[in-house]
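K.L.:
Input file: protein30.txt. Contents: compact mmCIF, N, CA and C atoms.
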# COMPACT_ATOMS: atom_id res chain seq x y z
N MET A 1 -5.13 7.13 18.36
CA MET A 1 -4.25 8.23 18.04
C MET A 1 -3.51 7.92 16.73
N ALA A 2 -3.41 8.90 15.86
CA ALA A 2 -2.73 8.71 14.58
C ALA A 2 -1.29 8.28 14.82
N GLY A 3 -0.83 7.40 13.98
CA GLY A 3 0.53 6.89 14.09
C GLY A 3 0.65 5.66 14.97
N GLU A 4 -0.31 5.45 15.85
CA GLU A 4 -0.29 4.31 16.76
C GLU A 4 -1.10 3.15 16.19
N PRO A 5 -0.68 1.91 16.44
CA PRO A 5 -1.46 0.75 15.96
C PRO A 5 -2.90 0.80 16.47
N GLN A 6 -3.80 0.40 15.62
CA GLN A 6 -5.23 0.36 15.96
C GLN A 6 -5.65 -1.10 16.06
N GLY A 7 -6.27 -1.48 17.14
CA GLY A 7 -6.65 -2.86 17.38
C GLY A 7 -7.64 -3.43 16.38
N ASP A 8 -8.43 -2.57 15.75
CA ASP A 8 -9.43 -3.05 14.79
C ASP A 8 -9.00 -2.89 13.34
N CYS A 9 -7.73 -2.59 13.09
CA CYS A 9 -7.23 -2.34 11.74
C CYS A 9 -6.55 -3.58 11.17
N LEU A 10 -7.07 -4.08 10.05
CA LEU A 10 -6.49 -5.25 9.40
C LEU A 10 -5.02 -5.05 9.06
N PHE A 11 -4.66 -3.89 8.53
CA PHE A 11 -3.27 -3.68 8.12
C PHE A 11 -2.35 -3.54 9.33
N CYS A 12 -2.83 -2.98 10.43
CA CYS A 12 -2.01 -2.95 11.64
C CYS A 12 -1.74 -4.38 12.12
N LYS A 13 -2.74 -5.25 11.95
CA LYS A 13 -2.57 -6.66 12.35
C LYS A 13 -1.59 -7.37 11.42
N ILE A 14 -1.54 -6.99 10.14
CA ILE A 14 -0.54 -7.56 9.23
C ILE A 14 0.85 -7.07 9.64
N VAL A 15 0.98 -5.79 9.94
CA VAL A 15 2.27 -5.24 10.38
C VAL A 15 2.77 -5.97 11.62
N SER A 16 1.88 -6.24 12.57
CA SER A 16 2.29 -6.90 13.82
C SER A 16 2.52 -8.40 13.67
N GLY A 17 2.08 -8.97 12.54
CA GLY A 17 2.22 -10.40 12.33
C GLY A 17 1.05 -11.21 12.85
N ASP A 18 0.01 -10.54 13.36
CA ASP A 18 -1.16 -11.24 13.88
C ASP A 18 -2.06 -11.78 12.78
N VAL A 19 -1.98 -11.19 11.60
CA VAL A 19 -2.73 -11.67 10.42
C VAL A 19 -1.69 -11.99 9.36
N PRO A 20 -1.74 -13.19 8.78
CA PRO A 20 -0.75 -13.56 7.77
C PRO A 20 -0.98 -12.82 6.45
N ALA A 21 0.10 -12.59 5.75
CA ALA A 21 0.06 -11.98 4.42
C ALA A 21 1.28 -12.48 3.66
N THR A 22 1.19 -12.44 2.35
CA THR A 22 2.33 -12.83 1.52
C THR A 22 3.21 -11.60 1.31
N LEU A 23 4.20 -11.47 2.20
CA LEU A 23 5.09 -10.30 2.16
C LEU A 23 6.04 -10.39 0.98
N VAL A 24 6.29 -9.25 0.34
CA VAL A 24 7.26 -9.20 -0.75
C VAL A 24 8.42 -8.27 -0.42
N ARG A 25 8.19 -7.31 0.46
CA ARG A 25 9.26 -6.41 0.91
C ARG A 25 8.90 -5.91 2.30
N SER A 26 9.94 -5.56 3.05
CA SER A 26 9.73 -5.01 4.38
C SER A 26 10.90 -4.10 4.71
N THR A 27 10.60 -2.92 5.20
CA THR A 27 11.64 -1.98 5.63
C THR A 27 11.31 -1.53 7.05
N GLU A 28 12.11 -0.65 7.57
CA GLU A 28 11.88 -0.12 8.91
C GLU A 28 10.54 0.63 8.99
N THR A 29 10.12 1.23 7.87
CA THR A 29 8.92 2.07 7.90
C THR A 29 7.75 1.53 7.07
N THR A 30 7.98 0.50 6.24
CA THR A 30 6.93 0.02 5.34
C THR A 30 6.87 -1.50 5.29
N VAL A 31 5.73 -2.00 4.82
CA VAL A 31 5.54 -3.42 4.54
C VAL A 31 4.81 -3.50 3.20
N ALA A 32 5.23 -4.43 2.35
CA ALA A 32 4.58 -4.64 1.06
C ALA A 32 4.14 -6.09 0.98
N PHE A 33 2.90 -6.31 0.53
CA PHE A 33 2.36 -7.66 0.46
C PHE A 33 1.37 -7.77 -0.69
N ARG A 34 1.15 -9.00 -1.15
CA ARG A 34 0.24 -9.26 -2.26
C ARG A 34 -1.21 -9.06 -1.83
N ASP A 35 -1.99 -8.41 -2.68
CA ASP A 35 -3.41 -8.19 -2.41
C ASP A 35 -4.13 -9.53 -2.50
N ILE A 36 -5.06 -9.79 -1.58
CA ILE A 36 -5.79 -11.06 -1.59
C ILE A 36 -6.89 -11.09 -2.64
N ASN A 37 -7.21 -9.95 -3.23
CA ASN A 37 -8.21 -9.86 -4.29
C ASN A 37 -7.60 -9.06 -5.45
N PRO A 38 -6.60 -9.64 -6.13
CA PRO A 38 -5.85 -8.87 -7.13
C PRO A 38 -6.70 -8.41 -8.30
N GLN A 39 -6.44 -7.17 -8.71
CA GLN A 39 -7.13 -6.56 -9.84
C GLN A 39 -6.25 -6.52 -11.09
N ALA A 40 -5.05 -7.07 -10.99
CA ALA A 40 -4.10 -7.16 -12.10
C ALA A 40 -3.15 -8.30 -11.76
N PRO A 41 -2.42 -8.82 -12.75
CA PRO A 41 -1.46 -9.89 -12.46
C PRO A 41 -0.46 -9.52 -11.35
N THR A 42 -0.03 -8.28 -11.33
CA THR A 42 0.74 -7.77 -10.20
C THR A 42 -0.14 -6.80 -9.45
N HIS A 43 -0.44 -7.11 -8.21
CA HIS A 43 -1.23 -6.22 -7.35
C HIS A 43 -0.69 -6.37 -5.94
N ILE A 44 0.13 -5.40 -5.57
CA ILE A 44 0.81 -5.42 -4.28
C ILE A 44 0.47 -4.15 -3.53
N LEU A 45 0.21 -4.29 -2.23
CA LEU A 45 -0.06 -3.13 -1.38
C LEU A 45 1.20 -2.76 -0.63
N VAL A 46 1.48 -1.47 -0.58
CA VAL A 46 2.60 -0.95 0.20
C VAL A 46 1.99 -0.06 1.27
N ILE A 47 2.27 -0.39 2.52
CA ILE A 47 1.68 0.35 3.64
C ILE A 47 2.76 0.86 4.58
N PRO A 48 2.48 1.98 5.24
CA PRO A 48 3.39 2.39 6.31
C PRO A 48 3.15 1.53 7.54
N ARG A 49 4.19 1.29 8.30
CA ARG A 49 4.01 0.54 9.55
C ARG A 49 3.17 1.35 10.54
N ALA A 50 3.29 2.66 10.50
CA ALA A 50 2.50 3.53 11.37
C ALA A 50 1.10 3.67 10.80
N HIS A 51 0.11 3.76 11.68
CA HIS A 51 -1.28 3.86 11.25
C HIS A 51 -1.68 5.31 11.02
N TYR A 52 -2.07 5.58 9.77
CA TYR A 52 -2.72 6.83 9.39
C TYR A 52 -3.88 6.42 8.51
N PRO A 53 -5.03 7.07 8.61
CA PRO A 53 -6.22 6.58 7.91
C PRO A 53 -6.18 6.70 6.40
N ASP A 54 -5.36 7.60 5.86
CA ASP A 54 -5.32 7.76 4.41
C ASP A 54 -4.02 8.45 4.00
N ALA A 55 -3.80 8.53 2.71
CA ALA A 55 -2.55 9.08 2.18
C ALA A 55 -2.35 10.53 2.58
N GLY A 56 -3.42 11.33 2.57
CA GLY A 56 -3.29 12.73 2.93
C GLY A 56 -2.87 12.94 4.36
N SER A 57 -3.45 12.18 5.28
CA SER A 57 -3.07 12.33 6.69
C SER A 57 -1.66 11.82 6.93
N LEU A 58 -1.26 10.78 6.22
CA LEU A 58 0.12 10.29 6.31
C LEU A 58 1.09 11.36 5.83
N ALA A 59 0.82 11.94 4.66
CA ALA A 59 1.72 12.94 4.10
C ALA A 59 1.83 14.17 4.99
N ALA A 60 0.71 14.58 5.60
CA ALA A 60 0.72 15.76 6.46
C ALA A 60 1.52 15.51 7.74
N ALA A 61 1.38 14.32 8.31
CA ALA A 61 2.03 14.02 9.59
C ALA A 61 3.44 13.49 9.44
N GLU A 62 3.67 12.70 8.40
CA GLU A 62 4.95 12.00 8.24
C GLU A 62 5.39 12.02 6.78
N PRO A 63 5.78 13.19 6.25
CA PRO A 63 6.14 13.25 4.83
C PRO A 63 7.29 12.32 4.44
N LEU A 64 8.22 12.07 5.33
CA LEU A 64 9.33 11.17 4.99
C LEU A 64 8.83 9.72 4.85
N ILE A 65 7.88 9.33 5.70
CA ILE A 65 7.33 7.97 5.58
C ILE A 65 6.46 7.87 4.33
N ALA A 66 5.73 8.93 3.99
CA ALA A 66 4.97 8.94 2.74
C ALA A 66 5.91 8.74 1.55
N ALA A 67 7.06 9.40 1.59
CA ALA A 67 8.06 9.22 0.53
C ALA A 67 8.59 7.79 0.53
N ASP A 68 8.76 7.19 1.71
CA ASP A 68 9.19 5.80 1.79
C ASP A 68 8.18 4.87 1.12
N VAL A 69 6.89 5.14 1.31
CA VAL A 69 5.85 4.32 0.67
C VAL A 69 6.00 4.40 -0.85
N LEU A 70 6.19 5.59 -1.38
CA LEU A 70 6.36 5.74 -2.83
C LEU A 70 7.64 5.08 -3.33
N ARG A 71 8.71 5.23 -2.58
CA ARG A 71 9.99 4.60 -2.96
C ARG A 71 9.86 3.09 -2.97
N GLU A 72 9.18 2.53 -1.98
CA GLU A 72 8.98 1.09 -1.93
C GLU A 72 8.04 0.62 -3.04
N ALA A 73 7.05 1.42 -3.39
CA ALA A 73 6.18 1.06 -4.51
C ALA A 73 6.99 0.93 -5.79
N ALA A 74 7.91 1.85 -6.02
CA ALA A 74 8.78 1.76 -7.20
C ALA A 74 9.70 0.53 -7.12
N ALA A 75 10.20 0.23 -5.93
CA ALA A 75 11.06 -0.95 -5.75
C ALA A 75 10.27 -2.23 -6.00
N VAL A 76 9.03 -2.28 -5.53
CA VAL A 76 8.17 -3.44 -5.78
C VAL A 76 7.98 -3.62 -7.28
N ALA A 77 7.68 -2.54 -7.97
CA ALA A 77 7.48 -2.62 -9.42
C ALA A 77 8.74 -3.15 -10.11
N ALA A 78 9.89 -2.69 -9.68
CA ALA A 78 11.15 -3.18 -10.26
C ALA A 78 11.35 -4.66 -9.95
N ASP A 79 11.10 -5.06 -8.70
CA ASP A 79 11.24 -6.46 -8.31
C ASP A 79 10.33 -7.37 -9.13
N GLU A 80 9.14 -6.85 -9.48
CA GLU A 80 8.17 -7.63 -10.24
C GLU A 80 8.40 -7.55 -11.75
N GLY A 81 9.42 -6.79 -12.17
CA GLY A 81 9.72 -6.65 -13.58
C GLY A 81 8.79 -5.71 -14.33
N ALA A 82 8.08 -4.88 -13.61
CA ALA A 82 7.10 -3.98 -14.24
C ALA A 82 7.66 -2.60 -14.50
N ASP A 83 8.87 -2.32 -14.05
CA ASP A 83 9.40 -0.98 -14.22
C ASP A 83 9.66 -0.62 -15.68
N SER A 84 9.91 -1.61 -16.52
CA SER A 84 10.15 -1.31 -17.94
C SER A 84 8.87 -1.26 -18.76
N SER A 85 7.86 -2.03 -18.38
CA SER A 85 6.61 -2.07 -19.15
C SER A 85 5.57 -1.07 -18.64
N GLY A 86 5.70 -0.63 -17.42
CA GLY A 86 4.79 0.34 -16.85
C GLY A 86 3.96 -0.24 -15.72
N TYR A 87 3.62 0.61 -14.79
CA TYR A 87 2.82 0.21 -13.63
C TYR A 87 2.06 1.43 -13.14
N ARG A 88 1.09 1.18 -12.31
CA ARG A 88 0.29 2.25 -11.73
C ARG A 88 0.38 2.17 -10.20
N ILE A 89 0.48 3.34 -9.57
CA ILE A 89 0.40 3.45 -8.12
C ILE A 89 -0.90 4.19 -7.81
N VAL A 90 -1.75 3.57 -6.99
CA VAL A 90 -3.06 4.15 -6.67
C VAL A 90 -3.21 4.28 -5.16
N PHE A 91 -3.66 5.46 -4.74
CA PHE A 91 -4.09 5.70 -3.36
C PHE A 91 -5.58 6.01 -3.40
N ASN A 92 -6.41 5.15 -2.86
CA ASN A 92 -7.83 5.44 -2.72
C ASN A 92 -8.02 6.14 -1.38
N THR A 93 -8.77 7.23 -1.39
CA THR A 93 -8.99 7.98 -0.15
C THR A 93 -10.48 8.17 0.07
N GLY A 94 -11.00 7.50 1.08
CA GLY A 94 -12.41 7.58 1.42
C GLY A 94 -13.23 6.47 0.78
N ALA A 95 -14.33 6.14 1.42
CA ALA A 95 -15.19 5.05 0.94
C ALA A 95 -15.70 5.32 -0.46
N GLY A 96 -16.02 6.57 -0.78
CA GLY A 96 -16.52 6.90 -2.11
C GLY A 96 -15.51 6.67 -3.22
N ALA A 97 -14.24 6.59 -2.86
CA ALA A 97 -13.18 6.32 -3.84
C ALA A 97 -12.74 4.86 -3.82
N GLY A 98 -13.41 4.04 -3.01
CA GLY A 98 -13.10 2.63 -2.97
C GLY A 98 -12.18 2.19 -1.85
N GLN A 99 -11.84 3.10 -0.94
CA GLN A 99 -11.00 2.68 0.19
C GLN A 99 -11.83 1.83 1.13
N THR A 100 -11.35 0.62 1.42
CA THR A 100 -12.07 -0.29 2.32
C THR A 100 -11.32 -0.56 3.61
N VAL A 101 -10.02 -0.35 3.62
CA VAL A 101 -9.23 -0.46 4.84
C VAL A 101 -8.67 0.93 5.11
N PHE A 102 -9.02 1.50 6.24
CA PHE A 102 -8.67 2.88 6.53
C PHE A 102 -7.34 2.98 7.26
N HIS A 103 -6.32 2.48 6.55
CA HIS A 103 -4.91 2.57 6.92
C HIS A 103 -4.25 2.93 5.59
N ALA A 104 -3.54 4.03 5.54
CA ALA A 104 -2.95 4.49 4.27
C ALA A 104 -2.26 3.34 3.55
N HIS A 105 -2.47 3.26 2.25
CA HIS A 105 -1.81 2.22 1.46
C HIS A 105 -1.80 2.57 -0.01
N ALA A 106 -0.75 2.13 -0.67
CA ALA A 106 -0.61 2.31 -2.11
C ALA A 106 -0.80 0.96 -2.78
N HIS A 107 -1.59 0.95 -3.85
CA HIS A 107 -1.73 -0.24 -4.69
C HIS A 107 -0.72 -0.12 -5.82
N VAL A 108 0.08 -1.14 -6.03
CA VAL A 108 0.97 -1.21 -7.19
C VAL A 108 0.35 -2.22 -8.14
N LEU A 109 -0.05 -1.74 -9.32
CA LEU A 109 -0.75 -2.57 -10.31
C LEU A 109 0.06 -2.63 -11.59
N ALA A 110 0.17 -3.84 -12.15
CA ALA A 110 0.90 -4.01 -13.41
C ALA A 110 0.55 -5.36 -14.02
N GLY A 111 1.03 -5.56 -15.23
CA GLY A 111 0.89 -6.87 -15.85
C GLY A 111 -0.29 -7.00 -16.79
N ARG A 112 -1.04 -5.93 -16.99
CA ARG A 112 -2.13 -5.90 -17.96
C ARG A 112 -2.32 -4.46 -18.40
N GLY A 113 -3.08 -4.27 -19.45
CA GLY A 113 -3.36 -2.92 -19.88
C GLY A 113 -4.11 -2.16 -18.79
N LEU A 114 -3.67 -0.97 -18.49
CA LEU A 114 -4.32 -0.13 -17.49
C LEU A 114 -4.84 1.10 -18.22
N ASN A 115 -6.09 1.06 -18.58
CA ASN A 115 -6.70 2.11 -19.39
C ASN A 115 -6.84 3.41 -18.61
N TRP A 116 -6.98 4.48 -19.38
CA TRP A 116 -7.23 5.79 -18.79
C TRP A 116 -8.46 6.39 -19.45
N PRO A 117 -9.37 6.96 -18.76
CA PRO A 117 -9.36 7.12 -17.31
C PRO A 117 -9.68 5.82 -16.59
N PRO A 118 -9.20 5.69 -15.35
CA PRO A 118 -9.50 4.49 -14.59
C PRO A 118 -10.96 4.47 -14.15
N GLY A 119 -11.39 3.34 -13.66
CA GLY A 119 -12.72 3.27 -13.11
C GLY A 119 -13.60 2.44 -13.93
Could you render the structure from this file as structure tokens?

P.N.:
Amino acid sequence: MAGEPQGDCLFCKIVSGDVPATLVRSTETTVAFRDINPQAPTHILVIPRAHYPDAGSLAAAEPLIAADVLREAAAVAADEGADSSGYRIVFNTGAGAGQTVFHAHAHVLAGRGLNWPPG
């Protein structure tokens, strides 16, 4: 059921503490941790504690928690010193877009040139 922890979800296991991660921030509704396969010098994932498979389903069901994810992404960027030089927030939705863990999450990327268009 959406919103409930999923036993086979890596990010739900990080939220519960069953899988270790390098946490950088934690709130009542979100957890932020360093990506284990960073694509930039700063690469941090911000996830909702509640399980939703992607950003769209999270926003539809829990718009306030979706806003919390974005607010925490900005806070992470500030904590990492990237708010003045620039950073990117990315939500991949679906396997064709590169989503590999089907628990909504934002990538906060900074610390190198981020060209446009991405990809």

K.L.:
For A:Pro53, which residue out of A:Gly94, A:Thr22, A:Leu109, A:Gly7 is the nearest one, using all atoms listed in the file?

P.N.:
A:Gly94

K.L.:
Could you pull out the helix (DSSP H, G or I) residues of chain A from DSSP and send them as an MDAnalysis selection string?

P.N.:
chainID A and resid 10:16 55:61 63:79 95:97

K.L.:
Please indicate the distance in Å from atom CA of A:Ala75 to atom CA of A:Ala95, rounded to one decimal place.

P.N.:
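One can read the atom CA of A:Ala75 to atom CA of A:Ala95 distance as 27.7 Å.
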
K.L.:
Measuring atom to atom with only N, CA and C atoms, identify which of A:Thr42, A:Pro20, A:Ala67, A:Asn92 is nearest to A:Glu80.

P.N.:
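With only N, CA and C atoms as the atom set, the closest residue is A:Thr42.
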
K.L.:
State, in Å with one decimal place, the distance from atom C of A:His107 to atom C of A:Ile44.

P.N.:
4.8 Å

K.L.:
Give me, please, the distance in Å between atom CA of A:Leu45 and atom CA of A:Val31, quoted to one decimal.

P.N.:
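Rounded to one decimal, the two atoms are 8.2 Å apart.
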
K.L.:
Please, which residues of stretch 1-95 of chain A, numbered as in this document, come out strand (DSSP E or B) from DSSP, as a list of chain:residue names?

P.N.:
A:Leu23, A:Val24, A:Arg25, A:Ser26, A:Thr30, A:Val31, A:Ala32, A:Phe33, A:Arg34, A:Thr42, A:His43, A:Ile44, A:Leu45, A:Val46, A:Ile47, A:Pro48, A:Arg88, A:Ile89, A:Val90

K.L.:
Using only N, CA and C atoms, determine which residues lie at most 8 Å from A:Ala2, disregarding the query and same-chain residues fewer than 3 positions distant; provide the list as a PyMOL selection string.

P.N.:
chain A and resi 5+50-53

K.L.:
Would you output that residue set with N, CA and C atoms, as a short mmCIF file (atom, residue, chain, number, x, y, z; two decimals), in the coordinates of the input?

P.N.:
data_model
loop_
_atom_site.label_atom_id
_atom_site.label_comp_id
_atom_site.auth_asym_id
_atom_site.auth_seq_id
_atom_site.Cartn_x
_atom_site.Cartn_y
_atom_site.Cartn_z
N PRO A 5 -0.68 1.91 16.44
CA PRO A 5 -1.46 0.75 15.96
C PRO A 5 -2.90 0.80 16.47
N ALA A 50 3.29 2.66 10.50
CA ALA A 50 2.50 3.53 11.37
C ALA A 50 1.10 3.67 10.80
N HIS A 51 0.11 3.76 11.68
CA HIS A 51 -1.28 3.86 11.25
C HIS A 51 -1.68 5.31 11.02
N TYR A 52 -2.07 5.58 9.77
CA TYR A 52 -2.72 6.83 9.39
C TYR A 52 -3.88 6.42 8.51
N PRO A 53 -5.03 7.07 8.61
CA PRO A 53 -6.22 6.58 7.91
C PRO A 53 -6.18 6.70 6.40
#

K.L.:
Restricting the calculation to all atoms listed in the file, which member of A:Ala73, A:Ala59, A:Gly81, A:Arg49 is positioned closest to A:Cys12?

P.N.:
A:Arg49

K.L.:
Point out the residue among A:Phe11, A:Phe91, A:Pro117, A:Val69 with the least atom-to-atom distance to A:Thr30, counting only C-alpha atoms.

P.N.:
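Smallest separation from A:Thr30 among the options: A:Val69.
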